[in-house]
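Undergrad: Sending over a structure as structure tokens; questions will come in a sec.
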Amino acid sequence: MCLMGMSPTHRTTIVIIGAGYAGTMAANRIASHPMVTTLTRVRLISASAHLVERIRLHEALRTEEDPVRSLPELLNPTIDLVIGRATSIDRKRGVVHLSDGDPIPFDQVVLATGSTSRAPAGALPISGIADLQPLRDELVGSSHTRIRVVGGGLTGIETAAELAEQRFDVEIVDSGTVGSHLGARARKQASRQLRRLGCTVTDNHMCQPEPGMLTIWTAGFAPVTVPCDPPVSTSSDGRIVVNRFLRSPTDPRITAIGDCAAPPAPHLRPSCASALSLGAVAADILISDVLKTPPPSNTGVGYVMRCVSLGRNCGLVEHVSPDDVPNGPVLTGRTARRVKDWVMDRTTQWLIEEAQRSGSYRIVRGPAQ
Ligand SMILES: Cc1cc2nc3c(=O)[nH]c(=O)nc-3n(C[C@H](O)[C@H](O)[C@H](O)COP(=O)(O)OP(=O)(O)OC[C@H]3O[C@@H](n4cnc5c(N)ncnc54)[C@H](O)[C@@H]3O)c2cc1C
């Protein structure tokens with residue numbers, strides 16, 4: 001790897017782009033490793049000084065408080081946090097260009113730039129922090145507005161339930177089946193709870209934004225990446241193709257994790273759960289590089305459960321196999337909601353603990369890779 005032939009005093013510069021769940025996990029896990037600290041410099045490029053808790057965005061529709069956490073409070077203090085937007089990766093010169101500021105040299109670069117909405121004109125997305133205010137503005141004083149949530153995935157279901165519980169007139173629409181990612185029992189439970197909250201559930205309907213109706217778009221997210229020069233391989237939907245070591249086959253100095261990556265693991269879904277585990281695996285691989293030890297033999301990540309909020313007093317927890325197939329009991333009601341709250345709280349706790357002790361987050365293993 002590129003570390004070969006470097007002087008013994010060379011500190012490997014690992015540049016991580018994007019401080020979401022994946023990037024923050026990777027940065028903390030590397031930086032807090034006691035044997036790596038003196039051998040590496042970890043630089044984390046973040047578009048803002050906060051980590052956005054995307055998994056809480058729908059709940060922030062009815063508060064004025066943004067679901068963000070200050071990055072310095074989450075990061076290992078040795079991490080060099082660079083606030084800025086990466087605009088390109090110059091592979092020949094080995095630097096990351098920023099929209100503002102000097103280029104940042106790297107030995108290894110990790111793309112953890114997440115995803116964004118594919119909302120068409122006339123619809124409002126719920127994907128990032130900037131989406132909250134336009135949605136709040138539409139919702140204020142408009143209790144009679146009809147709201148159509150397009151996309152019956154887990155984000156759509158959570159958003160529809162949250163708004164229906166606030167007594168908005170909500171319809172959730174999917175071109176296939178609402179909750180198709182859930183197992184049959186869980187899907188039925190989710191539909192029942194949505195209807196109980198007064199939400200209309202419409203399957204098999206392709207729709208576009210209509211005047212006089214607030215359309216919230218949750219149907220499909222597009223990866224966000226930083227262009228590489230020369231380019232590296234991407235999947236048909238624009239994610240960075242990576243091998244089982246989460247490295248680009250075009251350039252092994254480039255790692256990609258989280259929503260922006262396409263690892264050879266078809267069971268992986270864009271999620272906070274995948275992002276945390278992929279961030280941890282990437283860190284372990286980069287640590288083994290620096291220490292010149294063999295990389296982890298199993299780099300596969302997976303799942304234990306799907307956890308969905310259905311309003312503030314009800315949730316749904318569905319057990320799944322490591323490759324994400326429903327395989328056990330479905331928990332509903334207040335207990336499931338409490339589990340969901342616990343998981344959301346743990347998410348940032350896991351990052352904080354990782355900042356203190358490398359390896360404290362236990363990777364959720366999937367099928368071996
Ligand atoms: C409303 C909603 C609810 C959700 N609920 C759940 C849930 O309950 N459970 C679950 O598992 N998943 C959930 N998800 C999905 C989950 O949030 C994402 O899959 C997860 O955030 C992906 O993590 P990530 O680290 O890959 O990317 P992100 O969390 O998106 O982080 C990427 C970061 O990179 C930054 N960035 C991007 N480009 C650049 C650049 N050029 N330079 C510098 N910084 C850059 C972005 O600003 C962002 O901070 C939900 C998503 C939404 C929108």
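Following the order of the structure tokens, first chain is A, next is B, and so on, with residues numbered from 1 inside each chain and ligands from 1 in the order they appear.
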Leaving out Asp229 (chain A) and any residue of its chain fewer than 2 positions from it, which residues lie within 6 Å of it when counting only C-alpha atoms, given as JSON, numbers by chain?
TA: {"A": [90, 91, 231]}
Undergrad: Please return as number ranges by chain the residues found within 6 Å of ligand 1, counting only C-alpha atoms and all ligand atoms.
TA: A: 17-23, 45-47, 51, 54-55, 57-58, 84-87, 112-115, 126-127, 155, 224, 226, 258-259, 270-273, 275, 308
Undergrad: DSSP on the backbone, alpha helix (DSSP H) only: what residues of region 36-218 of chain A does that give? Format it as a VMD selection string.
TA: chain A and resid 71 to 74 132 to 139 154 to 165 184 to 196
Undergrad: Find the spatial neighbours of region 326-330 of chain A, counting only C-alpha atoms, within a cut-off of 8 Å - ignore same-chain residues fewer than 4 positions away - and output them as a PyMOL selection string.
TA: chain A and resi 182-183+185-186+316-321
Undergrad: With distances taken over only C-alpha atoms, which of A:Glu59, A:Glu53, A:Glu138, A:Asp289 is nearest to Gly212 (chain A)?
TA: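 Ranked by minimum distance to Gly212 (chain A), first place goes to A:Glu138.
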Undergrad: Calculated over only C-alpha atoms, which of the candidates A:Glu165, A:Cys228, A:Val173, A:Pro211 has the smallest distance to Arg93 (chain A)?
TA: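 Closest residue, counting only C-alpha atoms: A:Cys228.
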Undergrad: Using Å and a single decimal, report how far CA of Gly302 (chain A) sits from CA of Arg269 (chain A).
TA: 9.3 Å
Undergrad: Run DSSP on the backbone of this structure and report the residues of region 308-366 of chain A it assigns to strand (DSSP E or B), as a ChimeraX atom specification.
TA: /A:308-309,315-320,326-332,365
Undergrad: Which of these residues is nearest to Arg346 (chain A), using only C-alpha atoms: A:Leu276, A:Leu214, A:Val36, A:Ile83?
TA: A:Leu276
Undergrad: I'd like the neighbourhood of Gln108 (chain A) as a PDB file with N, CA and C atoms, in the first residue's frame, where a residue qualifies if any of its atoms comes within 9 Å (using only C-alpha atoms), though same-chain residues fewer than 5 positions away should be ignored.
TA:
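Wrote it out as part-v4.pdb, contents follow:
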```pdb
ATOM      1  N   CYS A   2       0.305   2.403  -0.061  1.00  0.00           N
ATOM      2  CA  CYS A   2       1.100   3.615  -0.228  1.00  0.00           C
ATOM      3  C   CYS A   2       2.017   3.882   0.966  1.00  0.00           C
ATOM      4  N   THR A  12       1.044   9.162   8.826  1.00  0.00           N
ATOM      5  CA  THR A  12       0.029   8.961   7.787  1.00  0.00           C
ATOM      6  C   THR A  12      -1.108   9.953   7.989  1.00  0.00           C
ATOM      7  N   THR A  13      -1.374  10.724   6.958  1.00  0.00           N
ATOM      8  CA  THR A  13      -2.505  11.649   7.071  1.00  0.00           C
ATOM      9  C   THR A  13      -3.755  10.985   6.497  1.00  0.00           C
ATOM     10  N   ILE A  14      -4.726  10.787   7.374  1.00  0.00           N
ATOM     11  CA  ILE A  14      -6.008  10.204   6.948  1.00  0.00           C
ATOM     12  C   ILE A  14      -7.032  11.336   6.946  1.00  0.00           C
ATOM     13  N   VAL A  15      -7.530  11.641   5.764  1.00  0.00           N
ATOM     14  CA  VAL A  15      -8.506  12.725   5.642  1.00  0.00           C
ATOM     15  C   VAL A  15      -9.891  12.099   5.471  1.00  0.00           C
ATOM     16  N   ILE A  16     -10.797  12.455   6.356  1.00  0.00           N
ATOM     17  CA  ILE A  16     -12.163  11.928   6.290  1.00  0.00           C
ATOM     18  C   ILE A  16     -13.084  13.073   5.885  1.00  0.00           C
ATOM     19  N   GLY A  94      -2.672  14.092  -4.756  1.00  0.00           N
ATOM     20  CA  GLY A  94      -2.960  13.564  -3.414  1.00  0.00           C
ATOM     21  C   GLY A  94      -3.459  14.651  -2.479  1.00  0.00           C
ATOM     22  N   PRO A 252      -6.715   2.406  -4.216  1.00  0.00           N
ATOM     23  CA  PRO A 252      -6.865   1.911  -2.838  1.00  0.00           C
ATOM     24  C   PRO A 252      -6.624   2.966  -1.769  1.00  0.00           C
ATOM     25  N   ARG A 253      -6.204   4.152  -2.162  1.00  0.00           N
ATOM     26  CA  ARG A 253      -6.092   5.220  -1.147  1.00  0.00           C
ATOM     27  C   ARG A 253      -7.464   5.779  -0.819  1.00  0.00           C
ATOM     28  N   ILE A 254      -8.466   5.422  -1.614  1.00  0.00           N
ATOM     29  CA  ILE A 254      -9.812   5.984  -1.406  1.00  0.00           C
ATOM     30  C   ILE A 254     -10.734   4.934  -0.792  1.00  0.00           C
ATOM     31  N   THR A 255     -11.268   5.277   0.380  1.00  0.00           N
ATOM     32  CA  THR A 255     -12.234   4.428   1.085  1.00  0.00           C
ATOM     33  C   THR A 255     -13.581   5.152   1.020  1.00  0.00           C
ATOM     34  N   LEU A 286      -7.954   0.727   8.268  1.00  0.00           N
ATOM     35  CA  LEU A 286      -6.912   1.777   8.184  1.00  0.00           C
ATOM     36  C   LEU A 286      -5.908   1.648   9.341  1.00  0.00           C
TER      37      LEU A 286
END
```
Undergrad: Between CA of His205 (chain A) and CA of Gly176 (chain A), measure the distance and give it in Å to one decimal.
TA: 7.1 Å
